[in-house]
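As structure tokens, the structure follows; a few thoughts come after it.
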Amino acid sequence: MQQAERSGNIYDLGYRGYDGLRLGRKHAIASLYFYTLRSAFGLGRRPGSKIIPMAIAIIALIPAAGQLAIAALVSDVEVYTPSNYFAYIEVPVALFCAAIAPEICGRDMRQRTLSLYFSRALHRRDYILAKLGAFATALTVLTLFPQAVLVIGNGLASKDLWGYVQDNWAELPRTIVSGLFIAAVVANVSLAIATQTSRRAYATIAVVAWFLVTFPIGGILVEVSHDTGRYALFLSPFEFIHGATLWIFNASPGADTSMDLAGFPQWVYPLVALAYGIVGFAFVVRRFDRISA
Amino acid sequence: MPIIETRGLVKRYGRTVTALNGLDLTLEPGIIGLVGANGAGKSTFIKILLGLLDATEGTASVLGYDIAKDGPVLRQFVGYMPEHDCLPGDVSATEFVAHMAQINGLPRSAARERTAETLRHVGLFEERYREIRGYSTGMKQRVKLAQALVHDPRILFLDEPTNGLDPAGRDEMLDLVRRTGTEFGISIVMASHLLGEIERVCEHLVVIDGGNLKRSGPIGEFTASTGTLAVEIDGDAGALERSLEAAGLTAAREGRLVLVALDGDQAYDLIRDACDDLGIGLVRIERRRQNLEDIFREQTPAEEAAHAAG
């Protein structure tokens with residue numbers, strides 16, 4: 001009889017205290033980082049929220065897949081190399097920013113989850129760190145994963161694997177630095193733009209405008225007036241990011257491109273990109289210092 | 001040790017709006033009701049204690065921690081259920097509450113375990129694996145309470161916890177709040193503009209009006225006995241009223257009740273005898289308690305006048 005009563009109680013544990021570990025801020029930051037990173041790719045969420053990030057990832061992989069197919073059929077033809085892959089990857093990067101940047105913090109702003117975060121053992125700066133880190137990591141996946149596929153595929157397709165590794169060894173650190181640099185700069189600026197409003201549509205349009213509207217403006221103004229118009233190139237992320245990767249790979253812009261016409265020394269572009277990243281970061285910090293939760 | 005102590009707490013928005021006007025409070029552990037009309041400064045007060053807003057002037061400490069200096073340490077031991085919606089729609093309650101537990105520093109496995117327990121405690125079962133967007137208001141309120149409780153806080157701030165609930169949901173939520181406070185020893189500060197709710201749950205009452213502290217004390221002080229007897233009878237109330245007046249008592253009618261001024265113990269006997277003489281069934285004699293609403297009426301005659309005029 002007594003045993004039956006006890007087994008009935010198992011299901012009504014009710015509320016119990018917690019005396020275990022409390023890991024504090026670092027753990028909080030790490031948790032928010034992984035939670036945000038997963039949400040950026042729609043992992044652990046309904047299938048609908050995976051479509052856009054996965055589609056963009058596939059777009060980013062198309063040249064690598066194409067290159068591998070070519071290399072397998074007609075050996076030793078390199079259409080895509082690590083350095084010019086970054087010129088292509090800027091498009092999926094822009095798409096990813098437009099689609100995902102408004103979600104990184106905008107979701108918390110719209111749904112007012114911020115007050116739950118900021119009333120916990122977390123500084124506002126910690127929140128920014130976790131969010132920016134997660135978004136930059138997601139972008140790094142986008143910039144470096146296709147490169148990894150390309151390098152591994154090319155290596156395996158070449159008849160002399162060891163020779164391939166030796167030939168391409170020098171490119172590896174450059175590739176990694178470029179991928180990280182692009183992701184960091186673009187993450188800071190697009191998040192700075194996207195967090196100025198909690199309305200998703202406005203944020204998306206603003207990020208798209210930053211990438212797309214500035215591009216023709218830069219190109220046109222360089223043509224129109226060389227002396228002053230060439231500075232318009234610094235407005236366009238496509239231009240200064242491409243310029244920065246060319247500098248990292250120690251390459252020069254092709255003849256008759258806008259960058260060639262502008263004639264700036266190549267080291268100017270990474271500095272411009274860095275300045276954008278820092279200003280973007282400052283805007284994100286300013287935004288969250290002031291936002292009411 | 002007091003759980004909350006404030007000295008000269010002031011909050012101004014811009015130059016013109018004063019939300020809190022120099023609040024001095026010392027509160028001991030327990031279930032504390034924070035009452036005031038909408039816009040009285042209840043939410044502002046809670047948000048300042050949580051560090052969501054900075055005070056314009058003054059100091060405050062919660063659980064002995066200074067809110068300005070030790071905010072992050074303090075907030076490990078604090079739970080907050082906001083008045084407004086604060087839940088994402090595209091994750092399940094389980095995932096969200098576990099995430100919030102981890103933000104509070106709980107290791108992953110402990111967070112999962114506590115989440116399951118807490119959600120069961122607030123009464124969410126199979127639905128906890130579904131996306132929050134499909135939840136009813138009552139279920140969302142439960143998730144909001146669960147995320148505030150999941151890390152076993154020592155003090156819980158509840159801002160209008162029954163917002164948007166139907167009467168049955170309201171009862172359940174109040175019951176949950178009372179049990180959380182009494183059975184588990186968690187101090188609770190519950191803001192509400194509904195006095196009835198506060199009366200049912202809280203032990204201590206703080207009345208805020210227009211950013212000023214009106215009164216703070218045990219709930220008993222507010223609902224002390226009055227000098228009025230309410231007599232419920234089964235018969236002609238008018239006849240009883242006349243009979244009692246004839247016997248020298250002050251009586252008045254209120255619907256089916258006869259109200260009698262308590263003027264010494266003989267009033268009870270006189271009422272009994274009067275009913276007997278008239279052949280009326282006496283159902284109940286009750287000493288009236290002061291209603292919390294009376295305090296507001298008493299203390300703000302201007303409002304009462306406005307009420308009567310409107």
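We name chains A, B, ... following the order of the structure tokens; residues begin at 1 in each chain, and ligands are numbered from 1 as shown.
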
Q: Restrict the distance test to only C-alpha atoms, flag each residue of chain B within 7 Å of chain A, and return the flagged residues as a list in words.
A: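 The answer, sorted by residue number, is Leu50, Gly51, Leu52, Pro72, Val73, Arg75, Gln76, Asp85, Cys86, Leu87, Pro88, Asp90, Val91, Gln102, Ile103, Asn104, Gly105, Leu106, Pro107, Glu117, Thr118, His121 and Asp152 of chain B.
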
As a PDB file with N, CA and C atoms, in the first residue's frame, please: every residue in range 27-131 of chain B that DSSP puts in alpha helix (DSSP H).
```pdb
ATOM      1  N   LYS B  42       5.113  52.010 -10.992  1.00  0.00           N
ATOM      2  CA  LYS B  42       5.417  50.648 -10.548  1.00  0.00           C
ATOM      3  C   LYS B  42       6.473  49.999 -11.434  1.00  0.00           C
ATOM      4  N   SER B  43       6.226  50.030 -12.751  1.00  0.00           N
ATOM      5  CA  SER B  43       7.168  49.389 -13.673  1.00  0.00           C
ATOM      6  C   SER B  43       8.526  50.076 -13.633  1.00  0.00           C
ATOM      7  N   THR B  44       8.506  51.390 -13.564  1.00  0.00           N
ATOM      8  CA  THR B  44       9.764  52.143 -13.488  1.00  0.00           C
ATOM      9  C   THR B  44      10.559  51.706 -12.272  1.00  0.00           C
ATOM     10  N   PHE B  45       9.878  51.576 -11.147  1.00  0.00           N
ATOM     11  CA  PHE B  45      10.525  51.155  -9.905  1.00  0.00           C
ATOM     12  C   PHE B  45      11.200  49.792 -10.078  1.00  0.00           C
ATOM     13  N   ILE B  46      10.452  48.839 -10.639  1.00  0.00           N
ATOM     14  CA  ILE B  46      10.996  47.494 -10.842  1.00  0.00           C
ATOM     15  C   ILE B  46      12.175  47.528 -11.803  1.00  0.00           C
ATOM     16  N   LYS B  47      12.030  48.281 -12.885  1.00  0.00           N
ATOM     17  CA  LYS B  47      13.102  48.324 -13.888  1.00  0.00           C
ATOM     18  C   LYS B  47      14.370  48.947 -13.332  1.00  0.00           C
ATOM     19  N   ILE B  48      14.237  49.905 -12.453  1.00  0.00           N
ATOM     20  CA  ILE B  48      15.432  50.498 -11.836  1.00  0.00           C
ATOM     21  C   ILE B  48      16.125  49.458 -10.956  1.00  0.00           C
ATOM     22  N   LEU B  49      15.335  48.728 -10.179  1.00  0.00           N
ATOM     23  CA  LEU B  49      15.944  47.711  -9.307  1.00  0.00           C
ATOM     24  C   LEU B  49      16.640  46.620 -10.118  1.00  0.00           C
ATOM     25  N   LEU B  50      16.142  46.366 -11.336  1.00  0.00           N
ATOM     26  CA  LEU B  50      16.734  45.331 -12.185  1.00  0.00           C
ATOM     27  C   LEU B  50      17.918  45.846 -12.993  1.00  0.00           C
ATOM     28  N   GLY B  71      25.399  45.190 -10.074  1.00  0.00           N
ATOM     29  CA  GLY B  71      24.283  44.758 -10.920  1.00  0.00           C
ATOM     30  C   GLY B  71      24.382  43.329 -11.424  1.00  0.00           C
ATOM     31  N   PRO B  72      25.443  42.971 -12.188  1.00  0.00           N
ATOM     32  CA  PRO B  72      25.501  41.622 -12.760  1.00  0.00           C
ATOM     33  C   PRO B  72      25.511  40.516 -11.708  1.00  0.00           C
ATOM     34  N   VAL B  73      26.184  40.744 -10.577  1.00  0.00           N
ATOM     35  CA  VAL B  73      26.205  39.718  -9.517  1.00  0.00           C
ATOM     36  C   VAL B  73      24.789  39.546  -8.967  1.00  0.00           C
ATOM     37  N   LEU B  74      24.179  40.670  -8.664  1.00  0.00           N
ATOM     38  CA  LEU B  74      22.826  40.651  -8.114  1.00  0.00           C
ATOM     39  C   LEU B  74      21.863  39.925  -9.047  1.00  0.00           C
ATOM     40  N   ARG B  75      21.999  40.203 -10.341  1.00  0.00           N
ATOM     41  CA  ARG B  75      21.002  39.697 -11.281  1.00  0.00           C
ATOM     42  C   ARG B  75      21.083  38.187 -11.491  1.00  0.00           C
ATOM     43  N   ALA B  93       9.015  26.327 -25.960  1.00  0.00           N
ATOM     44  CA  ALA B  93       9.175  26.805 -24.588  1.00  0.00           C
ATOM     45  C   ALA B  93      10.378  26.144 -23.938  1.00  0.00           C
ATOM     46  N   THR B  94      10.548  24.847 -24.204  1.00  0.00           N
ATOM     47  CA  THR B  94      11.680  24.124 -23.627  1.00  0.00           C
ATOM     48  C   THR B  94      12.999  24.757 -24.027  1.00  0.00           C
ATOM     49  N   GLU B  95      13.143  25.012 -25.332  1.00  0.00           N
ATOM     50  CA  GLU B  95      14.408  25.544 -25.811  1.00  0.00           C
ATOM     51  C   GLU B  95      14.652  26.942 -25.267  1.00  0.00           C
ATOM     52  N   PHE B  96      13.600  27.753 -25.269  1.00  0.00           N
ATOM     53  CA  PHE B  96      13.772  29.140 -24.834  1.00  0.00           C
ATOM     54  C   PHE B  96      14.102  29.234 -23.341  1.00  0.00           C
ATOM     55  N   VAL B  97      13.368  28.512 -22.533  1.00  0.00           N
ATOM     56  CA  VAL B  97      13.593  28.595 -21.085  1.00  0.00           C
ATOM     57  C   VAL B  97      14.970  28.026 -20.727  1.00  0.00           C
ATOM     58  N   ALA B  98      15.387  26.953 -21.423  1.00  0.00           N
ATOM     59  CA  ALA B  98      16.718  26.403 -21.166  1.00  0.00           C
ATOM     60  C   ALA B  98      17.793  27.414 -21.560  1.00  0.00           C
ATOM     61  N   HIS B  99      17.566  28.115 -22.672  1.00  0.00           N
ATOM     62  CA  HIS B  99      18.504  29.153 -23.104  1.00  0.00           C
ATOM     63  C   HIS B  99      18.620  30.243 -22.038  1.00  0.00           C
ATOM     64  N   MET B 100      17.469  30.676 -21.521  1.00  0.00           N
ATOM     65  CA  MET B 100      17.471  31.726 -20.505  1.00  0.00           C
ATOM     66  C   MET B 100      18.177  31.251 -19.223  1.00  0.00           C
ATOM     67  N   ALA B 101      18.020  29.971 -18.912  1.00  0.00           N
ATOM     68  CA  ALA B 101      18.704  29.435 -17.727  1.00  0.00           C
ATOM     69  C   ALA B 101      20.212  29.489 -17.922  1.00  0.00           C
ATOM     70  N   GLN B 102      20.651  29.196 -19.144  1.00  0.00           N
ATOM     71  CA  GLN B 102      22.088  29.238 -19.418  1.00  0.00           C
ATOM     72  C   GLN B 102      22.622  30.660 -19.371  1.00  0.00           C
ATOM     73  N   ILE B 103      21.811  31.610 -19.847  1.00  0.00           N
ATOM     74  CA  ILE B 103      22.225  33.018 -19.762  1.00  0.00           C
ATOM     75  C   ILE B 103      22.401  33.387 -18.283  1.00  0.00           C
ATOM     76  N   ARG B 108      24.707  23.589 -19.094  1.00  0.00           N
ATOM     77  CA  ARG B 108      23.721  23.111 -20.059  1.00  0.00           C
ATOM     78  C   ARG B 108      22.815  22.005 -19.511  1.00  0.00           C
ATOM     79  N   SER B 109      23.425  20.996 -18.903  1.00  0.00           N
ATOM     80  CA  SER B 109      22.604  19.862 -18.452  1.00  0.00           C
ATOM     81  C   SER B 109      21.689  20.287 -17.302  1.00  0.00           C
ATOM     82  N   ALA B 110      22.222  21.111 -16.385  1.00  0.00           N
ATOM     83  CA  ALA B 110      21.395  21.601 -15.288  1.00  0.00           C
ATOM     84  C   ALA B 110      20.267  22.471 -15.826  1.00  0.00           C
ATOM     85  N   ALA B 111      20.576  23.259 -16.863  1.00  0.00           N
ATOM     86  CA  ALA B 111      19.564  24.134 -17.454  1.00  0.00           C
ATOM     87  C   ALA B 111      18.407  23.320 -18.020  1.00  0.00           C
ATOM     88  N   ARG B 112      18.745  22.220 -18.706  1.00  0.00           N
ATOM     89  CA  ARG B 112      17.707  21.353 -19.285  1.00  0.00           C
ATOM     90  C   ARG B 112      16.824  20.763 -18.187  1.00  0.00           C
ATOM     91  N   GLU B 113      17.486  20.278 -17.146  1.00  0.00           N
ATOM     92  CA  GLU B 113      16.764  19.630 -16.061  1.00  0.00           C
ATOM     93  C   GLU B 113      15.829  20.618 -15.364  1.00  0.00           C
ATOM     94  N   ARG B 114      16.375  21.799 -15.032  1.00  0.00           N
ATOM     95  CA  ARG B 114      15.585  22.823 -14.353  1.00  0.00           C
ATOM     96  C   ARG B 114      14.423  23.278 -15.233  1.00  0.00           C
ATOM     97  N   THR B 115      14.671  23.345 -16.544  1.00  0.00           N
ATOM     98  CA  THR B 115      13.623  23.778 -17.466  1.00  0.00           C
ATOM     99  C   THR B 115      12.433  22.829 -17.399  1.00  0.00           C
ATOM    100  N   ALA B 116      12.730  21.538 -17.454  1.00  0.00           N
ATOM    101  CA  ALA B 116      11.652  20.555 -17.404  1.00  0.00           C
ATOM    102  C   ALA B 116      10.865  20.682 -16.099  1.00  0.00           C
ATOM    103  N   GLU B 117      11.592  20.838 -14.994  1.00  0.00           N
ATOM    104  CA  GLU B 117      10.919  20.952 -13.692  1.00  0.00           C
ATOM    105  C   GLU B 117      10.081  22.215 -13.593  1.00  0.00           C
ATOM    106  N   THR B 118      10.680  23.335 -14.038  1.00  0.00           N
ATOM    107  CA  THR B 118       9.994  24.616 -13.892  1.00  0.00           C
ATOM    108  C   THR B 118       8.751  24.679 -14.769  1.00  0.00           C
ATOM    109  N   LEU B 119       8.871  24.165 -15.998  1.00  0.00           N
ATOM    110  CA  LEU B 119       7.711  24.203 -16.884  1.00  0.00           C
ATOM    111  C   LEU B 119       6.585  23.337 -16.319  1.00  0.00           C
ATOM    112  N   ARG B 120       6.949  22.235 -15.687  1.00  0.00           N
ATOM    113  CA  ARG B 120       5.931  21.405 -15.063  1.00  0.00           C
ATOM    114  C   ARG B 120       5.313  22.137 -13.871  1.00  0.00           C
ATOM    115  N   HIS B 121       6.172  22.835 -13.144  1.00  0.00           N
ATOM    116  CA  HIS B 121       5.685  23.587 -11.984  1.00  0.00           C
ATOM    117  C   HIS B 121       4.655  24.645 -12.401  1.00  0.00           C
TER     118      HIS B 121
END
```

Near range 81-93 of chain A, within 7 Å and counting only C-alpha atoms, which residues show up once chain neighbours fewer than 2 positions away are dropped, as a PDB file with C-alpha atoms, in the first residue's frame?
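part_5.pdb written:
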```pdb
ATOM      1  CA  ILE A  56      22.694  31.353 -49.858  1.00  0.00           C
ATOM      2  CA  ILE A  59      24.929  29.840 -54.023  1.00  0.00           C
ATOM      3  CA  ALA A  60      28.290  30.413 -52.337  1.00  0.00           C
ATOM      4  CA  GLU A  78      41.875  26.697 -62.664  1.00  0.00           C
ATOM      5  CA  VAL A  79      38.911  29.002 -63.298  1.00  0.00           C
ATOM      6  CA  LEU A  95      22.596  38.463 -49.582  1.00  0.00           C
ATOM      7  CA  PHE A  96      23.314  36.809 -46.255  1.00  0.00           C
ATOM      8  CA  CYS A  97      23.733  40.175 -44.531  1.00  0.00           C
ATOM      9  CA  THR A 143      33.520  32.992 -46.807  1.00  0.00           C
ATOM     10  CA  GLN A 147      37.361  27.848 -50.083  1.00  0.00           C
ATOM     11  CA  THR A 175      42.808  32.853 -47.678  1.00  0.00           C
ATOM     12  CA  PHE A 238      32.115  45.575 -52.941  1.00  0.00           C
ATOM     13  CA  HIS A 242      37.698  43.428 -53.028  1.00  0.00           C
ATOM     14  CA  PHE A 249      46.909  38.303 -51.889  1.00  0.00           C
TER      15      PHE A 249
END
```

Q) What is the distance, in Å and to one decimal place, between CA of Leu150 in chain A and CA of Thr245 in chain A? A) 17.4 Å

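Shell of Arg200 in chain B at 10 Å, with only C-alpha atoms counted and residues fewer than 4 places along the chain excluded, is B:Asp171, B:Leu174, B:Asp175, B:Arg178, B:Leu195, B:Gly196.
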
What would the file look like if the residues just selected were written as a PDB file, in the first residue's frame with N, CA and C atoms?
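New file selection_25.pdb:
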```
ATOM      1  N   ASP B 171      -6.986  33.113 -11.651  1.00  0.00           N
ATOM      2  CA  ASP B 171      -6.963  32.356 -10.391  1.00  0.00           C
ATOM      3  C   ASP B 171      -5.755  31.443 -10.329  1.00  0.00           C
ATOM      4  N   LEU B 174      -2.498  33.440  -9.885  1.00  0.00           N
ATOM      5  CA  LEU B 174      -2.342  33.963  -8.524  1.00  0.00           C
ATOM      6  C   LEU B 174      -2.002  32.847  -7.545  1.00  0.00           C
ATOM      7  N   ASP B 175      -2.620  31.703  -7.775  1.00  0.00           N
ATOM      8  CA  ASP B 175      -2.340  30.553  -6.918  1.00  0.00           C
ATOM      9  C   ASP B 175      -0.875  30.134  -7.057  1.00  0.00           C
ATOM     10  N   ARG B 178       1.324  32.630  -5.285  1.00  0.00           N
ATOM     11  CA  ARG B 178       1.281  32.469  -3.834  1.00  0.00           C
ATOM     12  C   ARG B 178       2.069  31.245  -3.393  1.00  0.00           C
ATOM     13  N   LEU B 195      -6.441  45.713  -6.946  1.00  0.00           N
ATOM     14  CA  LEU B 195      -6.272  45.506  -5.513  1.00  0.00           C
ATOM     15  C   LEU B 195      -6.706  44.118  -5.070  1.00  0.00           C
ATOM     16  N   GLY B 196      -7.731  43.613  -5.721  1.00  0.00           N
ATOM     17  CA  GLY B 196      -8.245  42.300  -5.344  1.00  0.00           C
ATOM     18  C   GLY B 196      -7.165  41.230  -5.443  1.00  0.00           C
TER      19      GLY B 196
END
```

Q: Find the spatial neighbours of range 190-198 of chain A, counting only C-alpha atoms, within a cut-off of 7 Å - ignore same-chain residues fewer than 4 positions away - and output them as a PyMOL selection string.
A: chain A and resi 97+101-102+105-106+109-110+186+203+206-207+280-281+283-284

Q. Please, which residues of range 73-297 of chain B, numbered as in this document, come out strand (DSSP E) from DSSP, as a ChimeraX atom specification?
A. /B:78-81,155-159,187-192,204-209,212-218,225-234,251-254,257-261,281-289

**Q.** Residues within 10 Å of Gln266 in chain A, only C-alpha atoms, excluding chain neighbours under 2 positions, as a list in words
**A.**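 The filter keeps Phe240, Gly243, Ala244, Thr245, Leu246, Trp247, Ile248, Asn250, Ala251, Ser252, Pro253, Met259, Asp260, Gly263, Phe264, Val268, Tyr269, Pro270 and Leu271 of chain A.
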
Could the residues in this selection be written to a file with N, CA and C atoms, as a compact mmCIF listing (two decimals), in the first residue's frame?
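Heads up, here's the output in result_35.txt:
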```
# COMPACT_ATOMS: atom_id res chain seq x y z
N PHE A 240 35.80 48.24 -51.73
CA PHE A 240 36.91 48.26 -50.77
C PHE A 240 37.21 46.88 -50.19
N GLY A 243 39.23 45.29 -52.88
CA GLY A 243 40.56 45.93 -52.84
C GLY A 243 41.40 45.36 -51.71
N ALA A 244 40.75 45.16 -50.57
CA ALA A 244 41.49 44.64 -49.40
C ALA A 244 41.98 43.22 -49.65
N THR A 245 41.12 42.38 -50.25
CA THR A 245 41.58 41.00 -50.51
C THR A 245 42.69 40.99 -51.55
N LEU A 246 42.59 41.85 -52.54
CA LEU A 246 43.67 41.92 -53.53
C LEU A 246 44.98 42.27 -52.85
N TRP A 247 44.90 43.21 -51.87
CA TRP A 247 46.11 43.60 -51.14
C TRP A 247 46.66 42.41 -50.34
N ILE A 248 45.74 41.68 -49.68
CA ILE A 248 46.18 40.53 -48.87
C ILE A 248 46.86 39.49 -49.76
N ASN A 250 48.34 40.18 -52.46
CA ASN A 250 49.40 40.86 -53.18
C ASN A 250 49.13 40.86 -54.69
N ALA A 251 47.86 41.05 -55.06
CA ALA A 251 47.49 41.06 -56.47
C ALA A 251 47.08 42.48 -56.86
N SER A 252 46.96 42.73 -58.13
CA SER A 252 46.55 44.06 -58.57
C SER A 252 45.21 43.95 -59.29
N PRO A 253 44.42 45.04 -59.28
CA PRO A 253 43.12 45.00 -59.95
C PRO A 253 43.31 44.88 -61.46
N MET A 259 38.68 50.25 -59.90
CA MET A 259 39.79 50.35 -58.95
C MET A 259 41.06 50.74 -59.67
N ASP A 260 41.24 50.21 -60.87
CA ASP A 260 42.41 50.54 -61.68
C ASP A 260 42.38 52.02 -62.05
N GLY A 263 43.23 54.38 -59.12
CA GLY A 263 44.68 54.46 -58.95
C GLY A 263 45.18 54.67 -57.54
N PHE A 264 44.39 54.32 -56.53
CA PHE A 264 44.89 54.39 -55.15
C PHE A 264 45.91 53.29 -54.93
N VAL A 268 45.49 51.14 -49.26
CA VAL A 268 44.44 52.04 -48.78
C VAL A 268 43.16 51.26 -48.47
N TYR A 269 42.89 50.25 -49.30
CA TYR A 269 41.59 49.56 -49.17
C TYR A 269 41.42 48.81 -47.85
N PRO A 270 42.42 48.04 -47.40
CA PRO A 270 42.22 47.40 -46.08
C PRO A 270 42.03 48.43 -44.96
N LEU A 271 42.69 49.59 -45.08
CA LEU A 271 42.52 50.62 -44.05
C LEU A 271 41.10 51.16 -44.06
```
